[in-house]
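work.csv (CSV, C-alpha atoms) appears below.
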```
chain,number,residue,atom,x,y,z
A,9,MET,CA,136.0,91.5,181.3
A,10,ASP,CA,138.5,92.1,178.5
A,11,ARG,CA,137.1,90.2,175.5
A,12,ASP,CA,136.0,93.4,173.8
A,13,GLU,CA,138.7,95.5,172.2
A,14,GLU,CA,138.1,98.7,174.1
A,15,SER,CA,138.4,97.1,177.6
A,16,LEU,CA,141.4,95.1,176.5
A,17,LYS,CA,143.2,98.2,175.3
A,18,ARG,CA,142.4,99.9,178.5
A,19,ARG,CA,143.9,97.1,180.5
A,20,ILE,CA,147.0,97.0,178.4
A,21,ARG,CA,147.3,100.8,178.8
A,22,ARG,CA,147.3,100.5,182.6
A,23,LEU,CA,149.8,97.8,182.6
A,24,ARG,CA,152.1,99.7,180.3
A,25,GLU,CA,151.9,102.7,182.7
A,26,LEU,CA,152.8,100.5,185.7
A,27,GLU,CA,155.7,99.2,183.7
A,28,LYS,CA,156.9,102.6,182.6
A,29,ASN,CA,156.7,104.4,185.9
A,30,GLY,CA,158.1,101.4,187.9
A,31,ARG,CA,155.2,101.5,190.3
A,32,LEU,CA,154.6,97.7,190.3
A,33,ARG,CA,158.3,97.0,190.8
A,34,ALA,CA,158.2,99.4,193.8
A,35,VAL,CA,155.1,97.8,195.3
A,36,ASN,CA,156.6,94.3,194.9
A,37,GLY,CA,159.7,95.5,196.6
A,38,THR,CA,157.7,96.9,199.5
A,39,LEU,CA,155.8,93.6,200.0
A,40,ALA,CA,159.0,91.6,199.8
A,41,ASP,CA,160.5,93.8,202.5
A,42,VAL,CA,157.5,93.3,204.7
A,43,TRP,CA,157.7,89.5,204.1
A,44,ARG,CA,161.4,89.3,204.9
A,45,GLU,CA,161.1,91.4,208.0
A,46,GLY,CA,158.3,89.3,209.3
A,47,SER,CA,157.8,85.5,209.7
A,48,GLU,CA,158.2,84.8,205.9
A,49,PRO,CA,155.1,82.7,205.5
A,50,LYS,CA,155.1,80.4,202.5
A,51,THR,CA,151.4,80.9,202.0
A,52,VAL,CA,148.6,83.3,203.2
A,53,ARG,CA,145.8,81.3,204.8
A,54,LEU,CA,142.2,82.3,204.0
A,55,ARG,CA,139.0,80.9,205.6
A,56,HIS,CA,136.6,79.3,203.1
A,57,SER,CA,133.7,81.5,204.2
A,58,PHE,CA,135.3,84.4,202.3
A,59,VAL,CA,134.6,82.8,198.9
A,60,ILE,CA,131.7,80.4,199.4
A,61,ARG,CA,128.4,80.8,201.4
A,62,ARG,CA,127.1,78.3,203.8
A,63,PRO,CA,124.2,76.2,202.6
A,64,ASP,CA,121.9,77.7,205.2
A,65,VAL,CA,122.3,81.4,204.1
A,66,VAL,CA,121.3,83.3,201.0
A,67,GLU,CA,123.7,86.2,201.2
A,68,GLU,CA,126.6,86.3,198.7
A,69,PRO,CA,130.0,85.5,200.2
A,70,PRO,CA,132.0,88.6,201.0
A,71,ALA,CA,134.4,88.1,198.0
A,72,ALA,CA,131.5,88.0,195.6
A,73,GLN,CA,130.5,91.5,196.6
A,74,LEU,CA,133.9,92.9,195.7
A,75,LEU,CA,134.0,92.3,192.0
A,76,ASN,CA,134.0,95.9,190.7
A,77,PRO,CA,136.6,95.6,187.9
A,78,ARG,CA,138.1,99.0,188.7
A,79,GLY,CA,137.9,98.6,192.5
A,80,VAL,CA,140.8,97.6,194.7
A,81,ALA,CA,138.8,96.5,197.8
A,82,LEU,CA,139.3,92.7,197.2
A,83,ARG,CA,143.0,93.3,196.5
A,84,PHE,CA,143.5,95.4,199.6
A,85,TYR,CA,141.8,93.0,201.9
A,86,LEU,CA,144.1,90.1,200.7
A,87,LEU,CA,147.1,92.4,201.1
A,88,ALA,CA,146.0,93.3,204.7
A,89,LEU,CA,145.8,89.6,205.5
A,90,PHE,CA,149.2,89.1,204.1
A,91,GLU,CA,150.6,92.0,206.3
A,92,ALA,CA,148.9,90.5,209.3
A,93,GLN,CA,150.2,87.0,208.8
A,94,CYS,CA,153.7,88.3,208.3
A,95,ARG,CA,153.5,90.1,211.6
A,96,LEU,CA,151.3,88.0,213.8
A,97,ALA,CA,151.3,84.4,215.0
A,98,PRO,CA,148.4,82.0,214.4
A,99,GLY,CA,145.5,82.8,216.8
A,100,ALA,CA,146.6,86.4,217.3
A,101,GLN,CA,143.9,89.0,216.9
A,102,TRP,CA,144.4,91.8,214.4
A,103,THR,CA,146.2,94.9,215.5
A,104,GLY,CA,146.8,97.6,213.0
A,105,GLY,CA,150.3,98.3,214.4
A,106,ASP,CA,151.7,101.6,213.6
A,107,ARG,CA,151.7,101.4,209.8
A,108,PRO,CA,150.9,104.8,208.3
A,109,PHE,CA,149.2,105.6,205.1
A,110,ARG,CA,152.1,107.6,203.7
A,111,GLY,CA,155.6,106.7,203.0
A,112,ARG,CA,157.5,103.8,201.3
A,113,ARG,CA,156.1,101.3,203.9
A,114,GLY,CA,152.7,102.9,204.2
A,115,TRP,CA,149.4,101.3,203.1
A,116,ASN,CA,149.5,103.4,199.9
A,117,ALA,CA,152.7,101.5,198.9
A,118,PHE,CA,150.8,98.1,199.0
A,119,ILE,CA,148.8,98.7,195.8
A,120,ALA,CA,149.8,99.5,192.2
A,121,VAL,CA,147.3,101.8,190.5
A,122,ASP,CA,147.6,104.2,187.6
A,123,VAL,CA,146.4,107.3,189.4
A,124,ALA,CA,148.0,109.8,187.0
A,125,TYR,CA,145.6,109.0,184.1
A,126,SER,CA,143.3,111.8,182.8
A,127,SER,CA,140.2,110.6,180.9
A,128,THR,CA,139.7,114.1,179.6
A,129,THR,CA,143.0,114.2,177.7
A,130,ASP,CA,143.5,110.4,177.4
A,131,THR,CA,147.0,110.9,178.6
A,132,TYR,CA,149.0,110.5,181.8
A,133,ALA,CA,149.8,113.7,183.7
A,134,ARG,CA,153.2,113.6,185.3
A,135,ALA,CA,152.2,114.9,188.8
A,136,LEU,CA,154.5,115.2,191.7
A,137,GLU,CA,155.1,112.0,193.7
A,138,ARG,CA,153.4,113.6,196.7
A,139,THR,CA,150.3,114.2,194.7
A,140,GLN,CA,150.2,110.7,193.3
A,141,GLU,CA,150.7,109.3,196.8
A,142,THR,CA,147.7,111.3,198.0
A,143,LYS,CA,145.6,109.8,195.2
A,144,ARG,CA,146.8,106.3,196.1
A,145,ILE,CA,145.8,107.0,199.7
A,146,ARG,CA,142.4,108.1,198.5
A,147,GLN,CA,142.1,104.7,196.7
A,148,VAL,CA,143.0,102.9,199.9
A,149,LYS,CA,140.4,104.9,201.9
A,150,GLY,CA,137.8,104.1,199.2
A,151,ALA,CA,138.6,100.4,199.5
A,152,LEU,CA,138.2,100.6,203.3
A,153,LEU,CA,134.8,102.3,202.9
A,154,THR,CA,133.7,99.5,200.4
A,155,LEU,CA,134.9,96.8,202.8
A,156,GLU,CA,133.0,98.5,205.7
A,157,GLY,CA,129.9,98.9,203.6
A,158,LEU,CA,128.9,95.2,203.5
A,159,GLY,CA,126.6,95.3,206.4
A,160,GLU,CA,126.9,92.2,208.6
A,161,GLN,CA,129.6,91.0,206.3
A,162,ALA,CA,131.7,94.1,206.7
A,163,LEU,CA,135.3,93.2,206.5
A,164,VAL,CA,136.7,96.3,208.2
A,165,GLU,CA,135.6,98.8,210.9
A,166,ILE,CA,136.6,102.4,210.6
A,167,PRO,CA,136.1,104.3,213.9
A,168,LEU,CA,135.2,107.9,214.3
A,169,LYS,CA,137.8,110.4,215.5
A,170,ARG,CA,137.4,112.1,218.8
A,171,GLY,CA,134.4,114.4,218.5
A,172,GLY,CA,132.6,111.9,216.2
A,173,LYS,CA,132.6,114.0,213.1
A,174,TYR,CA,135.3,112.4,210.9
A,175,ARG,CA,136.4,108.9,210.3
A,176,ASP,CA,139.8,107.7,211.6
A,177,HIS,CA,140.9,105.6,208.6
A,178,GLN,CA,144.3,105.1,210.2
A,179,ALA,CA,142.7,103.2,213.1
A,180,PHE,CA,140.8,100.7,210.9
A,181,ARG,CA,140.2,97.2,212.2
A,182,LEU,CA,140.1,94.0,210.1
A,183,MET,CA,137.2,91.6,210.5
A,184,ASN,CA,137.3,87.8,209.9
A,185,GLU,CA,136.6,86.6,206.4
A,186,THR,CA,132.9,86.0,207.2
A,187,GLY,CA,132.4,89.7,208.2
A,188,ARG,CA,131.7,91.5,211.4
A,189,GLY,CA,128.5,89.5,212.2
A,190,ALA,CA,125.1,90.6,213.5
A,191,ALA,CA,126.1,91.5,217.0
A,192,ALA,CA,127.2,95.2,216.9
A,193,LEU,CA,128.8,95.1,220.4
A,194,THR,CA,130.9,92.0,219.7
A,195,PRO,CA,132.3,92.4,216.2
A,196,ASP,CA,134.2,89.4,214.8
A,197,TYR,CA,137.6,91.0,214.7
A,198,TYR,CA,140.2,89.2,212.5
A,199,THR,CA,142.4,86.6,214.0
A,200,VAL,CA,145.2,84.9,212.1
A,201,PRO,CA,143.9,81.4,211.2
A,202,PRO,CA,145.8,78.3,212.4
A,203,VAL,CA,147.9,76.1,210.1
A,204,ASP,CA,145.0,73.9,208.9
A,205,LYS,CA,144.5,71.8,205.8
A,206,GLN,CA,140.9,73.1,205.6
A,207,MET,CA,142.2,76.6,204.8
A,208,ILE,CA,142.6,78.1,201.3
A,209,GLU,CA,146.3,78.4,200.9
A,210,ILE,CA,147.5,81.3,198.7
A,211,PRO,CA,151.2,80.8,197.7
A,212,ILE,CA,153.3,83.8,198.6
A,213,ASP,CA,154.3,84.3,195.0
A,214,PHE,CA,150.8,85.4,194.2
A,215,LEU,CA,151.5,88.5,196.2
A,216,LEU,CA,155.2,89.0,195.8
A,217,GLN,CA,155.3,88.5,192.0
A,218,GLY,CA,152.5,91.0,191.5
A,219,TRP,CA,149.6,88.7,190.5
A,220,VAL,CA,147.3,90.2,193.1
A,221,GLN,CA,148.0,93.6,191.4
A,222,VAL,CA,147.3,92.7,187.8
A,223,LEU,CA,144.4,90.3,187.9
A,224,HIS,CA,140.9,91.6,187.8
A,225,PRO,CA,138.8,90.9,191.0
A,226,SER,CA,136.7,88.3,189.1
A,227,GLU,CA,139.8,86.5,188.0
A,228,ILE,CA,141.2,86.5,191.6
A,229,PHE,CA,137.8,85.2,192.9
A,230,THR,CA,137.7,82.4,190.3
A,231,TRP,CA,141.3,81.5,191.1
A,232,LEU,CA,140.5,81.4,194.9
A,233,SER,CA,137.5,79.1,194.1
A,234,PHE,CA,139.9,76.7,192.4
A,235,ARG,CA,142.2,76.8,195.5
A,236,LEU,CA,139.2,75.8,197.6
A,237,LEU,CA,138.1,73.0,195.3
A,238,SER,CA,141.6,71.6,195.0
A,239,ALA,CA,141.8,71.6,198.9
A,240,HIS,CA,138.5,69.8,199.2
A,241,PHE,CA,138.9,67.4,196.3
A,242,PRO,CA,142.7,66.9,196.0
A,243,ALA,CA,142.6,63.5,194.3
A,244,ARG,CA,140.2,64.7,191.7
A,245,HIS,CA,142.2,67.8,191.1
A,246,ARG,CA,145.4,65.8,190.5
A,247,LEU,CA,143.7,63.3,188.3
A,248,SER,CA,141.2,65.2,186.1
A,249,GLY,CA,140.9,68.7,187.4
A,250,ASN,CA,138.0,70.5,189.2
A,251,TYR,CA,134.9,72.1,187.7
A,252,LEU,CA,131.7,73.9,188.8
A,253,TYR,CA,128.3,73.1,187.4
A,254,ALA,CA,125.8,75.9,187.4
A,255,LYS,CA,124.1,74.8,190.6
A,256,LYS,CA,127.4,74.6,192.4
A,257,ARG,CA,128.5,78.1,191.1
A,258,GLU,CA,125.5,79.5,193.0
A,259,HIS,CA,127.3,78.8,196.3
A,260,PHE,CA,130.1,81.0,195.1
A,261,HIS,CA,127.7,83.5,193.4
A,262,LEU,CA,129.8,83.2,190.3
A,263,LEU,CA,128.1,84.2,187.1
A,264,ARG,CA,128.6,81.9,184.1
A,265,ASP,CA,130.1,84.5,181.7
A,266,SER,CA,132.5,85.8,184.4
A,267,TRP,CA,133.5,82.3,185.4
A,268,GLU,CA,134.2,81.1,181.9
A,269,ASP,CA,136.0,84.3,180.9
A,270,SER,CA,138.1,84.2,184.0
A,271,CYS,CA,139.0,80.6,183.5
A,272,GLN,CA,140.1,81.3,179.9
A,273,THR,CA,142.2,84.3,181.1
A,274,LEU,CA,143.9,82.3,183.9
A,275,VAL,CA,144.8,79.6,181.4
A,276,GLU,CA,146.4,82.2,179.1
A,277,PHE,CA,148.3,83.6,182.0
A,278,GLY,CA,149.6,80.1,183.0
A,279,LEU,CA,147.8,79.9,186.3
A,280,LEU,CA,145.3,77.2,185.2
A,281,ARG,CA,145.5,74.3,182.9
A,282,ARG,CA,142.4,73.0,181.0
A,283,MET,CA,142.3,69.2,181.3
A,284,PRO,CA,141.0,67.0,178.4
A,285,THR,CA,137.3,66.2,178.5
A,286,ILE,CA,136.3,62.6,178.6
A,287,ALA,CA,135.5,62.7,174.9
A,288,GLU,CA,138.9,64.3,174.1
A,289,ALA,CA,140.7,61.7,176.3
A,290,THR,CA,138.7,58.9,174.6
A,291,ALA,CA,139.6,60.1,171.1
A,292,ALA,CA,143.3,60.6,172.1
A,293,ARG,CA,143.4,57.1,173.7
A,294,ALA,CA,142.7,55.6,170.2
A,295,THR,CA,146.0,56.9,169.0
A,296,GLN,CA,148.0,57.5,172.2
A,297,GLY,CA,147.6,54.8,174.8
A,298,ILE,CA,149.3,57.0,177.5
A,299,PHE,CA,146.1,59.1,177.7
A,300,GLY,CA,144.3,56.0,179.0
A,301,ILE,CA,146.6,55.9,181.9
A,302,LEU,CA,146.7,59.7,182.6
A,303,PHE,CA,143.0,60.3,182.2
A,304,PRO,CA,141.0,57.2,183.0
A,305,GLN,CA,137.3,57.4,182.5
A,306,SER,CA,135.7,57.1,185.9
A,307,GLY,CA,132.1,57.1,184.7
A,308,GLY,CA,130.0,57.5,181.6
A,309,LEU,CA,128.1,60.6,180.6
A,310,GLY,CA,124.7,58.9,180.3
A,311,GLY,CA,124.8,59.2,176.5
A,312,ARG,CA,125.1,63.0,176.6
A,313,GLU,CA,127.1,64.9,174.0
A,314,ASP,CA,130.6,66.1,174.9
A,315,ARG,CA,129.3,69.7,174.8
A,316,TYR,CA,127.4,69.0,178.0
A,317,GLU,CA,130.5,68.0,179.8
A,318,PRO,CA,132.0,70.9,181.8
A,319,TYR,CA,135.6,71.9,181.3
A,320,ARG,CA,137.9,70.8,184.2
A,321,TYR,CA,140.9,72.7,185.3
A,322,GLN,CA,144.1,72.2,187.3
A,323,LEU,CA,146.0,74.9,189.2
A,324,THR,CA,149.5,75.4,187.8
A,325,ASP,CA,151.3,77.1,190.7
A,326,LYS,CA,154.6,77.0,188.8
A,327,GLY,CA,153.1,79.9,186.8
A,328,LEU,CA,153.0,82.1,189.9
A,329,ALA,CA,156.8,82.3,189.9
A,330,ALA,CA,156.8,84.2,186.7
A,331,ASP,CA,156.7,88.0,186.6
A,332,ALA,CA,153.0,88.9,186.6
A,333,LEU,CA,153.3,92.1,184.7
A,334,GLU,CA,155.5,90.7,182.0
A,335,THR,CA,153.3,87.6,181.5
A,336,CYS,CA,150.1,89.5,181.4
A,337,MET,CA,151.4,92.1,179.0
A,338,LYS,CA,152.6,89.3,176.6
A,339,GLU,CA,149.4,87.4,176.7
A,340,LEU,CA,147.1,90.4,176.4
A,341,LEU,CA,149.0,91.7,173.4
A,342,ILE,CA,148.7,88.3,171.8
A,343,ARG,CA,144.9,88.4,172.4
A,344,LEU,CA,144.7,91.9,171.0
A,345,LYS,CA,146.5,90.9,167.9
A,346,ARG,CA,144.3,87.9,167.5
A,347,GLN,CA,141.1,90.0,167.8
A,348,GLY,CA,142.4,92.4,165.2
A,349,ARG,CA,142.5,89.8,162.5
```

Go through the file and emit its structure as structure tokens.
Amino acid sequence: MDRDEESLKRRIRRLRELEKNGRLRAVNGTLADVWREGSEPKTVRLRHSFVIRRPDVVEEPPAAQLLNPRGVALRFYLLALFEAQCRLAPGAQWTGGDRPFRGRRGWNAFIAVDVAYSSTTDTYARALERTQETKRIRQVKGALLTLEGLGEQALVEIPLKRGGKYRDHQAFRLMNETGRGAAALTPDYYTVPPVDKQMIEIPIDFLLQGWVQVLHPSEIFTWLSFRLLSAHFPARHRLSGNYLYAKKREHFHLLRDSWEDSCQTLVEFGLLRRMPTIAEATAARATQGIFGILFPQSGGLGGREDRYEPYRYQLTDKGLAADALETCMKELLIRLKRQGR
């Protein structure tokens, strides 16, 4: 994560480069065009099995295996689902269409990455756009290989070209959120999910405002877990927020440090709101009666100290309407300044 100064500066450096070269604005523009030319969905629907494992299995859910902080596999899979749901009706099986890898509407144009950075010189080399596009395509192909390499939970299939020697990345096929399954001859190809309250709903601004581009995979995963919790426990989410005890986090395969750090970052970015604990609400109620109405105490803590009570959070979807790059830059610079004290 970005709590140490070196990783924080690296993240800020990448965002500054995306701001300077206009890459993120271009990507957001491409995604907006794809959305407008399609069915203009208000949300992208995601099956729960992508982020939480079933009680009868021990494998990590697919999303939990895509948390490499420098990888783009999780991001690309969500963007591919976005593209599919803009183009296909509910119930339709994935078809790759004729989208190329190159060009302004190609798959390379769906992701914003700083491919021009040289670790040797610690500078950005101003390469030709064609060269940078080739590097972005390499990133996309790497993401496809990662998504294919999850065994029975593989999220894409990359066929071989005629002759069986080279992979045909252009002809990749998407799998459903659970993965291809154990039956090699009948892979579970992706179908657009129905409009169903049991789906995880990703507001379209998460993609069109650039949040999917600037958040780390662990932050995206944590945010998705809150979307699942809010869908399953809507009343609790509205009243006091959702939380995950350690035992419950195991179903998501979320590590404690990653979970807590991601929650804090999402709060700073305006995508989550930390709700008062029972102890905080009780203390506030002594001086502000309104807290007793807003945060009623539904049950005692059995005499435990407040430090044993988990923090609860609410999603703040209004924050998604903000420009992701601008918001993240502002908050990360504040964090860097705070750490330098």

Practice task
Identify, on the basis of all atoms listed in the file, every residue whose closest approach to A:Glu209 does not exceed 9 Å; exclude the query and any residue fewer than 5 positions from it along the same chain; express the result as JSON, numbers by chain.
Solution key: {"A": [51, 52, 53, 54, 232, 235, 236, 239]}

Exercise for the section: Quick one: residues within 12 Å of (153.8, 82.4, 193.2) (file frame), counting only C-alpha atoms, please, as JSON, numbers by chain. Expected result: {"A": [50, 51, 52, 209, 210, 211, 212, 213, 214, 215, 216, 217, 218, 219, 220, 278, 279, 323, 324, 325, 326, 327, 328, 329, 330, 331, 332]}

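Residues within 12 Å of A:His245, counting only C-alpha atoms and excluding same-chain residues fewer than 3 positions away, are Phe234, Arg235, Leu236, Leu237, Ser238, Ala239, His240, Phe241, Pro242, Ser248, Gly249, Asn250, Tyr251, Leu280, Arg281, Arg282, Met283, Phe303, Arg320, Tyr321, Gln322, Leu323 and Thr324 of chain A.
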
Problem - For A:Pro202: contacts at 9 Å, only C-alpha atoms, fewer than 5 positions along chain excluded, given as a PyMOL selection string - result: chain A and resi 53+97-99+207

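With all atoms listed in the file as the atoms that count, the minimum distance from A:Arg346 to the choices A:Asp130, A:Glu68, A:Glu156, A:Asp12 is reached by A:Asp12.
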
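Minimum atom-to-atom distances from A:Val35, A:Leu23, A:Ala287, A:Leu75 to A:Thr335 were compared using all atoms listed in the file, and the lowest value belongs to A:Leu23.
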
Exercise for the section: Compare A:Arg175, A:Arg188, A:Arg18, A:Arg78 by their minimum atom-to-atom distance to A:Ser226, counting all atoms listed in the file, and give me the closest one. Expected result: A:Arg78

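Counting from atom CA of A:Arg107, the distance to atom CA of A:Phe84 is 14.4 Å.
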
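Distances from A:Asp204, A:Glu165, A:Asp269, A:Glu137 to A:Arg55 were compared using all atoms listed in the file, and the smallest one belongs to A:Asp204.
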
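Rounded to one decimal, atom CA of A:Val42 and atom CA of A:Glu334 lie 22.9 Å from each other.
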
Exercise for the section: Within 9 Å of A:His56, counting all atoms listed in the file, which residues show up once you throw out same-chain ones fewer than 5 positions away? Write them as JSON, numbers by chain, please. Expected result: {"A": [61, 185, 186, 206, 207, 208, 236]}

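If only C-alpha atoms are the atoms counted, then among A:Gln272, A:Gly187, A:Tyr319, A:Leu223 the closest residue to A:Thr285 is A:Tyr319.
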
Practice task
Dump as number ranges by chain all residues having an atom at most 7 Å from (139.7, 90.5, 169.7), computed in the file's coordinates with all atoms listed in the file.
Solution key: A: 11-13, 343-344, 346-348

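Our summary of the geometry notes that atom CA of A:Glu25 is positioned 14.0 Å from atom CA of A:Ile119.
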